[in-house]
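As provided, my_file-v9.cif (mmCIF, C-alpha atoms (C1' of nucleotides)) reads as follows.
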data_model
#
loop_
_atom_site.label_atom_id
_atom_site.label_comp_id
_atom_site.auth_asym_id
_atom_site.auth_seq_id
_atom_site.Cartn_x
_atom_site.Cartn_y
_atom_site.Cartn_z
CA MET A 30 0.00 0.00 0.00
CA GLU A 31 1.49 3.26 -1.11
CA ASN A 32 -0.23 5.32 1.54
CA ASN A 33 1.59 3.49 4.28
CA LEU A 34 5.14 4.05 3.16
CA ASN A 35 6.36 6.08 6.07
CA HIS A 36 5.61 3.14 8.32
CA ALA A 37 7.05 0.64 5.89
CA TYR A 38 9.21 -2.04 7.39
CA CYS A 39 12.77 -1.75 6.26
CA PRO A 40 14.75 -4.90 6.95
CA ALA A 41 18.03 -3.02 6.98
CA ILE A 42 17.07 -0.88 9.94
CA GLU A 43 17.37 -3.55 12.59
CA THR A 44 20.71 -4.68 11.28
CA ILE A 45 21.93 -1.11 11.43
CA ALA A 46 20.65 -0.85 14.98
CA LEU A 47 22.77 -3.84 15.96
CA ILE A 48 26.01 -3.13 14.15
CA GLY A 49 25.74 0.57 13.38
CA GLY A 50 27.84 3.22 15.00
CA ARG A 51 31.46 4.12 14.66
CA TRP A 52 32.99 1.11 16.37
CA LYS A 53 30.86 -2.00 16.37
CA VAL A 54 31.75 -3.36 12.95
CA ILE A 55 35.41 -2.81 13.71
CA ILE A 56 35.18 -4.55 17.08
CA LEU A 57 33.29 -7.45 15.55
CA HIS A 58 35.79 -7.63 12.75
CA VAL A 59 38.63 -7.88 15.28
CA LEU A 60 36.79 -10.62 17.17
CA SER A 61 35.96 -12.47 13.96
CA LYS A 62 39.60 -13.51 13.69
CA HIS A 63 39.62 -14.95 17.18
CA ALA A 64 38.62 -14.26 20.76
CA ARG A 65 40.41 -11.35 22.38
CA ARG A 66 40.74 -9.90 25.82
CA PHE A 67 39.83 -6.33 26.60
CA GLY A 68 43.32 -4.89 26.24
CA GLU A 69 43.90 -6.68 22.96
CA ILE A 70 40.77 -5.24 21.45
CA ASN A 71 41.70 -1.82 22.77
CA VAL A 72 45.02 -1.98 20.98
CA ARG A 73 43.55 -3.30 17.74
CA VAL A 74 40.75 -0.76 17.45
CA PRO A 75 42.54 2.47 16.67
CA SER A 76 41.89 5.39 18.98
CA ILE A 77 38.88 4.04 20.82
CA SER A 78 38.80 5.01 24.48
CA ARG A 79 38.42 2.41 27.21
CA LYS A 80 35.15 3.94 28.27
CA VAL A 81 33.59 3.70 24.84
CA LEU A 82 35.02 0.24 24.28
CA THR A 83 33.41 -0.90 27.51
CA GLU A 84 30.08 0.58 26.44
CA GLN A 85 30.17 -0.97 23.00
CA LEU A 86 31.16 -4.39 24.33
CA LYS A 87 28.27 -4.28 26.78
CA GLU A 88 25.83 -3.41 24.02
CA LEU A 89 27.14 -6.14 21.75
CA GLU A 90 26.87 -8.61 24.61
CA ALA A 91 23.34 -7.45 25.43
CA ASP A 92 22.41 -7.95 21.77
CA GLY A 93 23.77 -11.49 21.89
CA LEU A 94 26.50 -10.91 19.33
CA ILE A 95 29.45 -11.48 21.62
CA SER A 96 30.15 -13.37 24.83
CA ARG A 97 32.20 -12.27 27.81
CA LYS A 98 34.16 -14.77 29.84
CA GLU A 99 36.02 -13.78 32.96
CA TYR A 100 38.89 -16.03 34.03
CA LYS A 101 39.92 -16.35 37.65
CA GLU A 102 43.47 -15.32 37.00
CA LEU A 103 45.97 -12.73 37.97
CA PRO A 104 46.01 -10.14 36.80
CA ARG A 105 42.44 -10.10 35.57
CA LYS A 106 41.66 -11.75 32.28
CA VAL A 107 38.40 -11.19 30.47
CA GLU A 108 37.92 -12.64 27.06
CA TYR A 109 35.41 -11.59 24.45
CA ALA A 110 34.35 -13.77 21.55
CA LEU A 111 31.66 -13.90 18.90
CA THR A 112 28.63 -15.97 19.79
CA GLU A 113 27.10 -18.25 17.19
CA TYR A 114 24.73 -15.42 16.36
CA GLY A 115 27.68 -13.06 16.05
CA GLU A 116 29.47 -15.58 13.84
CA SER A 117 26.60 -15.36 11.41
CA LEU A 118 27.74 -11.82 10.73
CA CYS A 119 31.19 -12.89 9.56
CA PRO A 120 30.39 -12.97 5.83
CA LEU A 121 28.93 -9.49 6.14
CA LEU A 122 32.00 -8.26 8.02
CA ALA A 123 34.26 -9.82 5.42
CA TYR A 124 32.22 -8.18 2.69
CA ILE A 125 32.50 -4.78 4.32
CA ALA A 126 36.26 -5.13 4.54
CA ALA A 127 36.60 -6.55 1.04
CA TRP A 128 34.43 -3.99 -0.70
CA ASN A 129 36.72 -1.21 0.38
CA LYS A 130 39.76 -2.96 -1.08
CA GLU A 131 38.16 -3.75 -4.41
CA LYS A 132 36.91 -0.26 -5.11
CA VAL A 133 38.16 1.41 -8.25
CA MET B 14 54.55 -5.89 13.38
CA GLU B 15 52.80 -6.35 16.66
CA ASN B 16 54.17 -3.16 18.18
CA ASN B 17 52.37 -1.10 15.61
CA LEU B 18 48.85 -2.31 16.19
CA ASN B 19 47.27 0.93 17.21
CA HIS B 20 48.16 2.29 13.80
CA ALA B 21 47.10 -0.85 12.02
CA TYR B 22 45.12 -0.36 8.86
CA CYS B 23 41.61 -1.66 9.19
CA PRO B 24 39.92 -2.09 5.83
CA ALA B 25 36.47 -1.84 7.36
CA ILE B 26 37.00 1.71 8.61
CA GLU B 27 36.78 3.43 5.26
CA THR B 28 33.66 1.53 4.31
CA ILE B 29 32.09 2.57 7.59
CA ALA B 30 33.08 6.16 6.89
CA LEU B 31 31.19 6.02 3.58
CA ILE B 32 28.05 4.17 4.55
CA GLY B 33 28.01 4.52 8.34
CA GLY B 34 25.58 6.63 10.24
CA ARG B 35 21.93 6.26 10.98
CA TRP B 36 20.56 6.82 7.49
CA LYS B 37 22.96 6.15 4.65
CA VAL B 38 22.46 2.41 4.32
CA ILE B 39 18.72 2.91 4.38
CA ILE B 40 18.86 5.66 1.75
CA LEU B 41 21.12 3.55 -0.44
CA HIS B 42 18.86 0.58 0.03
CA VAL B 43 15.89 2.61 -1.13
CA LEU B 44 17.82 3.82 -4.18
CA SER B 45 19.06 0.31 -4.94
CA LYS B 46 15.57 -0.61 -6.11
CA HIS B 47 15.41 2.32 -8.49
CA ALA B 48 16.06 6.00 -8.82
CA ARG B 49 13.87 8.21 -6.66
CA ARG B 50 13.13 11.86 -6.31
CA PHE B 51 13.65 13.72 -3.08
CA GLY B 52 10.11 13.44 -1.83
CA GLU B 53 9.92 9.76 -2.60
CA ILE B 54 13.03 9.03 -0.58
CA ASN B 55 11.70 11.19 2.22
CA VAL B 56 8.55 9.10 2.41
CA ARG B 57 10.39 5.78 2.21
CA VAL B 58 12.94 6.52 4.87
CA PRO B 59 10.93 6.55 8.06
CA SER B 60 11.13 9.67 10.20
CA ILE B 61 14.11 11.34 8.55
CA SER B 62 13.81 15.11 8.40
CA ARG B 63 14.21 16.99 5.14
CA LYS B 64 17.25 18.78 6.50
CA VAL B 65 19.07 15.59 7.39
CA LEU B 66 18.02 13.91 4.17
CA THR B 67 19.49 16.82 2.20
CA GLU B 68 22.73 16.57 4.16
CA GLN B 69 23.04 12.83 3.71
CA LEU B 70 22.28 13.01 0.00
CA LYS B 71 24.96 15.67 -0.43
CA GLU B 72 27.51 13.54 1.37
CA LEU B 73 26.61 10.45 -0.64
CA GLU B 74 26.91 12.49 -3.81
CA ALA B 75 30.24 13.95 -2.73
CA ASP B 76 31.49 10.43 -2.04
CA GLY B 77 30.45 9.39 -5.53
CA LEU B 78 27.89 6.84 -4.43
CA ILE B 79 24.83 8.56 -5.85
CA SER B 80 24.08 11.01 -8.63
CA ARG B 81 21.72 13.95 -8.59
CA LYS B 82 19.80 14.98 -11.70
CA GLU B 83 17.63 18.03 -11.77
CA TYR B 84 14.85 18.13 -14.37
CA LYS B 85 13.58 21.37 -15.77
CA GLU B 86 10.01 20.71 -14.80
CA LEU B 87 7.25 22.14 -12.77
CA PRO B 88 7.15 21.81 -9.92
CA ARG B 89 10.78 20.96 -9.31
CA LYS B 90 11.90 17.42 -9.93
CA VAL B 91 15.23 16.16 -8.70
CA GLU B 92 16.09 12.55 -9.09
CA TYR B 93 18.70 10.61 -7.15
CA ALA B 94 20.20 7.33 -8.32
CA LEU B 95 23.08 5.05 -7.49
CA THR B 96 26.21 5.62 -9.52
CA GLU B 97 28.15 2.66 -10.83
CA TYR B 98 30.30 2.91 -7.71
CA GLY B 99 27.18 2.97 -5.59
CA GLU B 100 25.81 -0.03 -7.46
CA SER B 101 28.84 -1.99 -6.36
CA LEU B 102 27.42 -1.75 -2.85
CA CYS B 103 24.20 -3.51 -3.79
CA PRO B 104 25.28 -7.01 -2.73
CA LEU B 105 26.35 -5.58 0.60
CA LEU B 106 23.06 -3.74 1.02
CA ALA B 107 21.16 -6.88 0.12
CA TYR B 108 23.20 -8.84 2.62
CA ILE B 109 22.48 -6.35 5.38
CA ALA B 110 18.77 -6.62 4.71
CA ALA B 111 18.83 -10.39 4.33
CA TRP B 112 20.85 -11.11 7.45
CA ASN B 113 18.23 -9.53 9.61
CA LYS B 114 15.51 -11.71 8.16
CA GLU B 115 17.41 -14.96 8.47
CA LYS B 116 18.34 -14.52 12.08
CA VAL B 117 17.16 -17.19 14.50
"C1'" DT C 3 -3.28 38.13 -6.79
"C1'" DC C 4 -2.46 34.53 -3.91
"C1'" DC C 5 -2.17 29.61 -3.13
"C1'" DA C 6 -0.15 25.06 -3.89
"C1'" DT C 7 3.77 22.00 -4.92
"C1'" DT C 8 8.54 20.49 -4.71
"C1'" DT C 9 13.13 20.89 -3.18
"C1'" DG C 10 15.63 22.99 -0.56
"C1'" DT C 11 18.03 26.53 3.05
"C1'" DT C 12 18.82 29.02 7.50
"C1'" DA C 13 18.94 29.72 12.28
"C1'" DC C 14 18.37 27.81 16.46
"C1'" DT C 15 17.90 24.10 19.89
"C1'" DT C 16 18.19 19.44 21.66
"C1'" DT C 17 20.09 14.91 22.01
"C1'" DA C 18 23.45 11.36 21.33
"C1'" DA C 19 28.07 10.00 21.11
"C1'" DG C 20 32.50 10.23 22.38
"C1'" DG C 21 36.61 11.89 25.03
"C1'" DT C 22 39.48 13.00 29.45
"C1'" DT C 23 40.99 12.42 33.75
"C1'" DA C 24 41.08 10.37 37.92
"C1'" DC C 25 40.06 6.60 40.55
"C1'" DC C 26 39.06 1.49 42.29
"C1'" DA C 27 39.79 -3.73 42.97
"C1'" DC C 28 42.74 -7.44 43.02
"C1'" DT C 29 47.15 -9.71 43.22
"C1'" DT C 30 52.17 -10.31 42.45
"C1'" DT C 31 56.68 -8.32 42.27
"C1'" DT C 32 60.18 -5.18 44.07
"C1'" DA D 3 55.04 -0.23 51.47
"C1'" DA D 4 54.68 0.83 47.02
"C1'" DA D 5 54.45 -0.08 42.08
"C1'" DA D 6 52.77 -2.61 38.11
"C1'" DG D 7 49.30 -4.95 35.31
"C1'" DT D 8 44.42 -5.70 33.91
"C1'" DG D 9 39.76 -4.39 33.47
"C1'" DG D 10 37.02 -1.62 34.60
"C1'" DT D 11 33.83 2.79 36.76
"C1'" DA D 12 32.41 7.80 37.74
"C1'" DA D 13 32.11 12.55 36.96
"C1'" DC D 14 32.49 15.89 33.88
"C1'" DC D 15 33.12 18.18 29.32
"C1'" DT D 16 33.12 18.67 24.18
"C1'" DT D 17 31.65 17.65 19.70
"C1'" DA D 18 28.81 15.65 16.26
"C1'" DA D 19 24.33 14.47 14.77
"C1'" DA D 20 19.70 15.30 14.46
"C1'" DG D 21 15.38 17.84 15.08
"C1'" DT D 22 12.13 22.08 14.53
"C1'" DA D 23 10.20 25.85 12.48
"C1'" DA D 24 10.16 29.31 9.39
"C1'" DC D 25 11.34 30.89 4.98
"C1'" DA D 26 12.69 30.90 -0.29
"C1'" DA D 27 12.57 30.01 -5.51
"C1'" DA D 28 10.01 28.75 -9.43
"C1'" DT D 29 5.78 28.30 -11.78
"C1'" DG D 30 1.00 26.86 -12.87
"C1'" DG D 31 -3.63 27.41 -11.71
"C1'" DA D 32 -7.92 29.19 -9.09
#
Translate this file's structure into structure tokens.
Amino acid sequence: MENNLNHAYCPAIETIALIGGRWKVIILHVLSKHARRFGEINVRVPSISRKVLTEQLKELEADGLISRKEYKELPRKVEYALTEYGESLCPLLAYIAAWNKEKV
Amino acid sequence: MENNLNHAYCPAIETIALIGGRWKVIILHVLSKHARRFGEINVRVPSISRKVLTEQLKELEADGLISRKEYKELPRKVEYALTEYGESLCPLLAYIAAWNKEKV
DNA sequence: TCCATTTGTTACTTTAAGGTTACCACTTTT
DNA sequence: AAAAGTGGTAACCTTAAAGTAACAAATGGA
């Protein structure tokens, strides 16, 4: 129905809600290679602050895309990894990275 | 080199710079179906304001992803379409939309 | 003459996102 | 006792993004 367009469902919107923003794709891309602890992600995501990294990781965890595992070690060790749901994003993440390389 | 990680090149970053943000993927997705005039995009992208739509369209045009064609008609008619470069994003846009549907 | 339509623009305000700095908890090493 | 390493948190500030409302240009028609 053409009179209902401004309420039209756009399937891209929810995806954007989950992985949009300045950092999430980059964080997920880092984790897609293998699980990383907090400090490792921090070093691999250029110029993100610890505060923002913490926030983004919490959101990704709340959305079920990554898991957080705390080891009883010294000093502290917390490891983040993609969940199965997060893994399903890998082709998309790879595409995002690849598209940029292939461009003319 | 592992000591250079915070300057590491991340191929996803540039892609995010081009299509990141709240609206660009959605706008591109709308235009991926076919060329649209300003008002048509405005109606198909839920709740975007004209001001922001104008801004985003200008940025997308400046980045070479879309073209802007003004017709000498009454009342004004301006049509936006994907460029060839923008078309190269279509598989990615389709993937973004499809992923959301397939999720468990 | 004045209104309607379409595509904007301008000025101003509000909200969201991100950054900075300092600090804490826990444990081992010095 | 104090420092070092890891993974945070809290308070505060700045910047970027988005929204609102009013206005403009161009032109046909009532």
After fit on chain B (all C-alpha, ordered pairs), chain A as a tab-separated table (two decimals) with C-alpha atoms, in the frame of the given file:
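Saved as out24.tsv:
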chain	number	residue	atom	x	y	z
A	30	MET	CA	54.60	-5.91	13.47
A	31	GLU	CA	52.90	-6.19	16.80
A	32	ASN	CA	54.21	-2.91	18.12
A	33	ASN	CA	52.37	-1.00	15.45
A	34	LEU	CA	48.88	-2.25	16.06
A	35	ASN	CA	47.26	0.98	17.07
A	36	HIS	CA	48.12	2.36	13.66
A	37	ALA	CA	47.10	-0.80	11.88
A	38	TYR	CA	45.10	-0.35	8.74
A	39	CYS	CA	41.62	-1.69	9.10
A	40	PRO	CA	39.90	-2.12	5.75
A	41	ALA	CA	36.47	-1.88	7.31
A	42	ILE	CA	37.00	1.64	8.56
A	43	GLU	CA	36.76	3.38	5.22
A	44	THR	CA	33.65	1.48	4.29
A	45	ILE	CA	32.08	2.52	7.57
A	46	ALA	CA	33.07	6.11	6.88
A	47	LEU	CA	31.17	5.98	3.59
A	48	ILE	CA	28.02	4.14	4.57
A	49	GLY	CA	28.00	4.48	8.35
A	50	GLY	CA	25.54	6.57	10.26
A	51	ARG	CA	21.89	6.14	10.97
A	52	TRP	CA	20.53	6.77	7.49
A	53	LYS	CA	22.94	6.10	4.67
A	54	VAL	CA	22.44	2.36	4.30
A	55	ILE	CA	18.69	2.88	4.35
A	56	ILE	CA	18.84	5.63	1.73
A	57	LEU	CA	21.10	3.53	-0.46
A	58	HIS	CA	18.84	0.57	0.01
A	59	VAL	CA	15.86	2.63	-1.16
A	60	LEU	CA	17.81	3.84	-4.20
A	61	SER	CA	19.04	0.33	-4.98
A	62	LYS	CA	15.55	-0.58	-6.14
A	63	HIS	CA	15.41	2.34	-8.53
A	64	ALA	CA	16.07	6.05	-8.84
A	65	ARG	CA	13.89	8.24	-6.66
A	66	ARG	CA	13.17	11.90	-6.30
A	67	PHE	CA	13.68	13.75	-3.06
A	68	GLY	CA	10.11	13.47	-1.82
A	69	GLU	CA	9.94	9.78	-2.61
A	70	ILE	CA	13.03	9.05	-0.58
A	71	ASN	CA	11.68	11.19	2.23
A	72	VAL	CA	8.53	9.11	2.37
A	73	ARG	CA	10.36	5.79	2.15
A	74	VAL	CA	12.92	6.51	4.85
A	75	PRO	CA	10.90	6.50	8.04
A	76	SER	CA	11.09	9.60	10.20
A	77	ILE	CA	14.07	11.27	8.59
A	78	SER	CA	13.79	15.04	8.45
A	79	ARG	CA	14.21	16.95	5.21
A	80	LYS	CA	17.23	18.71	6.58
A	81	VAL	CA	19.06	15.53	7.46
A	82	LEU	CA	18.01	13.87	4.22
A	83	THR	CA	19.47	16.79	2.31
A	84	GLU	CA	22.72	16.51	4.26
A	85	GLN	CA	23.03	12.78	3.77
A	86	LEU	CA	22.27	12.99	0.06
A	87	LYS	CA	24.95	15.64	-0.35
A	88	GLU	CA	27.49	13.49	1.45
A	89	LEU	CA	26.62	10.43	-0.59
A	90	GLU	CA	26.91	12.48	-3.76
A	91	ALA	CA	30.24	13.94	-2.64
A	92	ASP	CA	31.49	10.40	-1.99
A	93	GLY	CA	30.46	9.38	-5.50
A	94	LEU	CA	27.89	6.83	-4.39
A	95	ILE	CA	24.84	8.56	-5.81
A	96	SER	CA	24.09	11.02	-8.59
A	97	ARG	CA	21.73	13.97	-8.55
A	98	LYS	CA	19.87	15.01	-11.66
A	99	GLU	CA	17.70	18.08	-11.75
A	100	TYR	CA	14.98	18.18	-14.41
A	101	LYS	CA	13.72	21.44	-15.84
A	102	GLU	CA	10.14	20.76	-14.91
A	103	LEU	CA	7.35	22.18	-12.89
A	104	PRO	CA	7.15	21.79	-10.08
A	105	ARG	CA	10.78	20.98	-9.44
A	106	LYS	CA	11.95	17.45	-10.01
A	107	VAL	CA	15.27	16.20	-8.72
A	108	GLU	CA	16.14	12.59	-9.08
A	109	TYR	CA	18.73	10.64	-7.15
A	110	ALA	CA	20.20	7.36	-8.31
A	111	LEU	CA	23.08	5.06	-7.48
A	112	THR	CA	26.22	5.62	-9.50
A	113	GLU	CA	28.15	2.65	-10.82
A	114	TYR	CA	30.29	2.89	-7.71
A	115	GLY	CA	27.16	2.97	-5.57
A	116	GLU	CA	25.79	-0.02	-7.46
A	117	SER	CA	28.80	-2.00	-6.34
A	118	LEU	CA	27.38	-1.75	-2.85
A	119	CYS	CA	24.15	-3.51	-3.77
A	120	PRO	CA	25.23	-7.02	-2.71
A	121	LEU	CA	26.32	-5.59	0.63
A	122	LEU	CA	23.02	-3.75	1.04
A	123	ALA	CA	21.12	-6.90	0.15
A	124	TYR	CA	23.19	-8.84	2.65
A	125	ILE	CA	22.47	-6.34	5.40
A	126	ALA	CA	18.75	-6.60	4.75
A	127	ALA	CA	18.81	-10.38	4.38
A	128	TRP	CA	20.85	-11.10	7.48
A	129	ASN	CA	18.23	-9.51	9.66
A	130	LYS	CA	15.49	-11.70	8.21
A	131	GLU	CA	17.40	-14.94	8.53
A	132	LYS	CA	18.36	-14.49	12.15
A	133	VAL	CA	17.20	-17.14	14.57
Where does chain D meet chain A within 7 Å, residue by residue, with the nearest atom pair and distance in Å to one decimal for each, counting all atoms listed in the file, listed by chain and rising number, as a Markdown table?
| residue | atom | partner | partner_atom | distance |
| --- | --- | --- | --- | --- |
| D:DG7 | C1' | A:Pro104 | CA | 6.3 |
| D:DT8 | C1' | A:Arg105 | CA | 5.1 |
| D:DG9 | C1' | A:Arg105 | CA | 6.6 |
Run the PyMOL selection byres ((chain C) within 10 of (chain A)) on the file and write out the hits as a PyMOL selection string.
-> chain C and resi 19-22+28-30
Shell of 10 Å around His42 (chain B), all atoms listed in the file, local chain residues under 6 positions omitted, as a VMD selection string = (chain A and resid 39 to 41) or (chain B and resid 36 58 95 102 to 103 105 to 107 109 to 110)
Any chance you can output those residues with C-alpha atoms as a PDB file, in the coordinates of the input?
ATOM      1  CA  CYS A  39      12.770  -1.750   6.260  1.00  0.00           C
ATOM      2  CA  PRO A  40      14.750  -4.900   6.950  1.00  0.00           C
ATOM      3  CA  ALA A  41      18.030  -3.020   6.980  1.00  0.00           C
TER       4      ALA A  41
ATOM      5  CA  TRP B  36      20.560   6.820   7.490  1.00  0.00           C
ATOM      6  CA  VAL B  58      12.940   6.520   4.870  1.00  0.00           C
ATOM      7  CA  LEU B  95      23.080   5.050  -7.490  1.00  0.00           C
ATOM      8  CA  LEU B 102      27.420  -1.750  -2.850  1.00  0.00           C
ATOM      9  CA  CYS B 103      24.200  -3.510  -3.790  1.00  0.00           C
ATOM     10  CA  LEU B 105      26.350  -5.580   0.600  1.00  0.00           C
ATOM     11  CA  LEU B 106      23.060  -3.740   1.020  1.00  0.00           C
ATOM     12  CA  ALA B 107      21.160  -6.880   0.120  1.00  0.00           C
ATOM     13  CA  ILE B 109      22.480  -6.350   5.380  1.00  0.00           C
ATOM     14  CA  ALA B 110      18.770  -6.620   4.710  1.00  0.00           C
TER      15      ALA B 110
END
Taking the file as shown, find all residues satisfying the PyMOL selection byres ((chain D and resi 21) around 8) and write them as an mmCIF file with C-alpha atoms (C1' of nucleotides), in the coordinates of the input.
data_model
loop_
_atom_site.group_PDB
_atom_site.id
_atom_site.type_symbol
_atom_site.label_atom_id
_atom_site.label_comp_id
_atom_site.auth_asym_id
_atom_site.auth_seq_id
_atom_site.Cartn_x
_atom_site.Cartn_y
_atom_site.Cartn_z
ATOM 1 C CA SER B 62 13.810 15.110 8.400
ATOM 2 C "C1'" DT C 16 18.190 19.440 21.660
ATOM 3 C "C1'" DA D 20 19.700 15.300 14.460
ATOM 4 C "C1'" DT D 22 12.130 22.080 14.530
#
Quick one: pull the distance between C1' of DC15 (chain D) and CA of Glu84 (chain A), Å, one decimal.
-> 18.1 Å
Separation of CA of Ser61 (chain A) and CA of Gly99 (chain B), in Å?
->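 Pair CA of Ser61 (chain A) / CA of Gly99 (chain B) returns 26.4 Å.
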Could you state the separation of CA of Glu99 (chain A) and CA of Glu113 (chain A) in Å, given to one decimal place?
-> 18.7 Å
So, counting all atoms listed in the file, which residue among A:Val72, A:Ile48, A:Ala110, A:Ser96 is closest to chain B?
->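 Comparing A:Val72, A:Ile48, A:Ala110, A:Ser96 against chain B, the winner is A:Val72.
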Which residues come within 8 Å of region 70-75 of chain B, counting all atoms listed in the file, excluding same-chain residues fewer than 4 positions away, as number ranges by chain?
-> B: 31, 37, 66, 79-81
Would you mind telling me which residue in A:Gly93, A:Lys101, A:Arg65, A:Ala46 lies nearest to chain B when using all atoms listed in the file?
->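 Going through A:Gly93, A:Lys101, A:Arg65, A:Ala46 one by one, the smallest distance to chain B is for A:Ala46.
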Name the residues that the PyMOL selection byres ((chain D and resi 25-32) around 10) picks from the file above, as a ChimeraX atom specification, using the file's chain letters and numbers.
-> /B:86-89 /C:4-12 /D:23-24
Written selection (C-alpha atoms (C1' of nucleotides)) as a PDB file, in the frame of the given file:
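Saved the output as part.pdb:
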ATOM      1  CA  GLU B  86      10.010  20.710 -14.800  1.00  0.00           C
ATOM      2  CA  LEU B  87       7.250  22.140 -12.770  1.00  0.00           C
ATOM      3  CA  PRO B  88       7.150  21.810  -9.920  1.00  0.00           C
ATOM      4  CA  ARG B  89      10.780  20.960  -9.310  1.00  0.00           C
TER       5      ARG B  89
ATOM      6  C1'  DC C   4      -2.460  34.530  -3.910  1.00  0.00           C
ATOM      7  C1'  DC C   5      -2.170  29.610  -3.130  1.00  0.00           C
ATOM      8  C1'  DA C   6      -0.150  25.060  -3.890  1.00  0.00           C
ATOM      9  C1'  DT C   7       3.770  22.000  -4.920  1.00  0.00           C
ATOM     10  C1'  DT C   8       8.540  20.490  -4.710  1.00  0.00           C
ATOM     11  C1'  DT C   9      13.130  20.890  -3.180  1.00  0.00           C
ATOM     12  C1'  DG C  10      15.630  22.990  -0.560  1.00  0.00           C
ATOM     13  C1'  DT C  11      18.030  26.530   3.050  1.00  0.00           C
ATOM     14  C1'  DT C  12      18.820  29.020   7.500  1.00  0.00           C
TER      15       DT C  12
ATOM     16  C1'  DA D  23      10.200  25.850  12.480  1.00  0.00           C
ATOM     17  C1'  DA D  24      10.160  29.310   9.390  1.00  0.00           C
TER      18       DA D  24
END
Please produce region 93-98 of chain B, completed to all heavy atoms, as a tab-separated table (two decimals), keeping the file's coordinate frame.
chain	number	residue	atom	x	y	z
B	93	TYR	N	17.46	11.19	-7.66
B	93	TYR	CA	18.70	10.61	-7.15
B	93	TYR	C	18.78	9.14	-7.57
B	93	TYR	O	17.78	8.44	-7.56
B	93	TYR	CB	18.75	10.73	-5.63
B	93	TYR	CG	18.81	12.16	-5.15
B	93	TYR	CD1	17.64	12.88	-4.88
B	93	TYR	CD2	20.03	12.80	-4.97
B	93	TYR	CE1	17.69	14.19	-4.44
B	93	TYR	CE2	20.09	14.11	-4.53
B	93	TYR	CZ	18.92	14.80	-4.27
B	93	TYR	OH	18.97	16.10	-3.85
B	94	ALA	N	19.99	8.73	-7.91
B	94	ALA	CA	20.20	7.33	-8.32
B	94	ALA	C	21.58	6.89	-7.89
B	94	ALA	O	22.47	7.71	-7.66
B	94	ALA	CB	20.05	7.21	-9.84
B	95	LEU	N	21.75	5.58	-7.77
B	95	LEU	CA	23.08	5.05	-7.49
B	95	LEU	C	23.98	5.26	-8.70
B	95	LEU	O	23.55	5.10	-9.84
B	95	LEU	CB	23.00	3.55	-7.18
B	95	LEU	CG	22.26	3.12	-5.92
B	95	LEU	CD1	22.46	1.62	-5.70
B	95	LEU	CD2	22.72	3.90	-4.71
B	96	THR	N	25.22	5.63	-8.45
B	96	THR	CA	26.21	5.62	-9.52
B	96	THR	C	26.70	4.18	-9.69
B	96	THR	O	26.30	3.29	-8.95
B	96	THR	CB	27.42	6.48	-9.13
B	96	THR	OG1	27.98	5.95	-7.94
B	96	THR	CG2	27.00	7.92	-8.90
B	97	GLU	N	27.59	3.99	-10.63
B	97	GLU	CA	28.15	2.66	-10.83
B	97	GLU	C	28.89	2.23	-9.55
B	97	GLU	O	28.77	1.08	-9.09
B	97	GLU	CB	29.11	2.67	-12.01
B	97	GLU	CG	29.43	1.29	-12.56
B	97	GLU	CD	30.30	1.37	-13.80
B	97	GLU	OE1	30.23	2.39	-14.54
B	97	GLU	OE2	31.03	0.41	-14.04
B	98	TYR	N	29.61	3.17	-8.98
B	98	TYR	CA	30.30	2.91	-7.71
B	98	TYR	C	29.30	2.53	-6.62
B	98	TYR	O	29.50	1.57	-5.88
B	98	TYR	CB	31.10	4.17	-7.34
B	98	TYR	CG	31.94	4.08	-6.11
B	98	TYR	CD1	32.57	2.91	-5.72
B	98	TYR	CD2	32.14	5.23	-5.34
B	98	TYR	CE1	33.36	2.88	-4.59
B	98	TYR	CE2	32.93	5.20	-4.20
B	98	TYR	CZ	33.54	4.02	-3.83
B	98	TYR	OH	34.32	3.99	-2.72
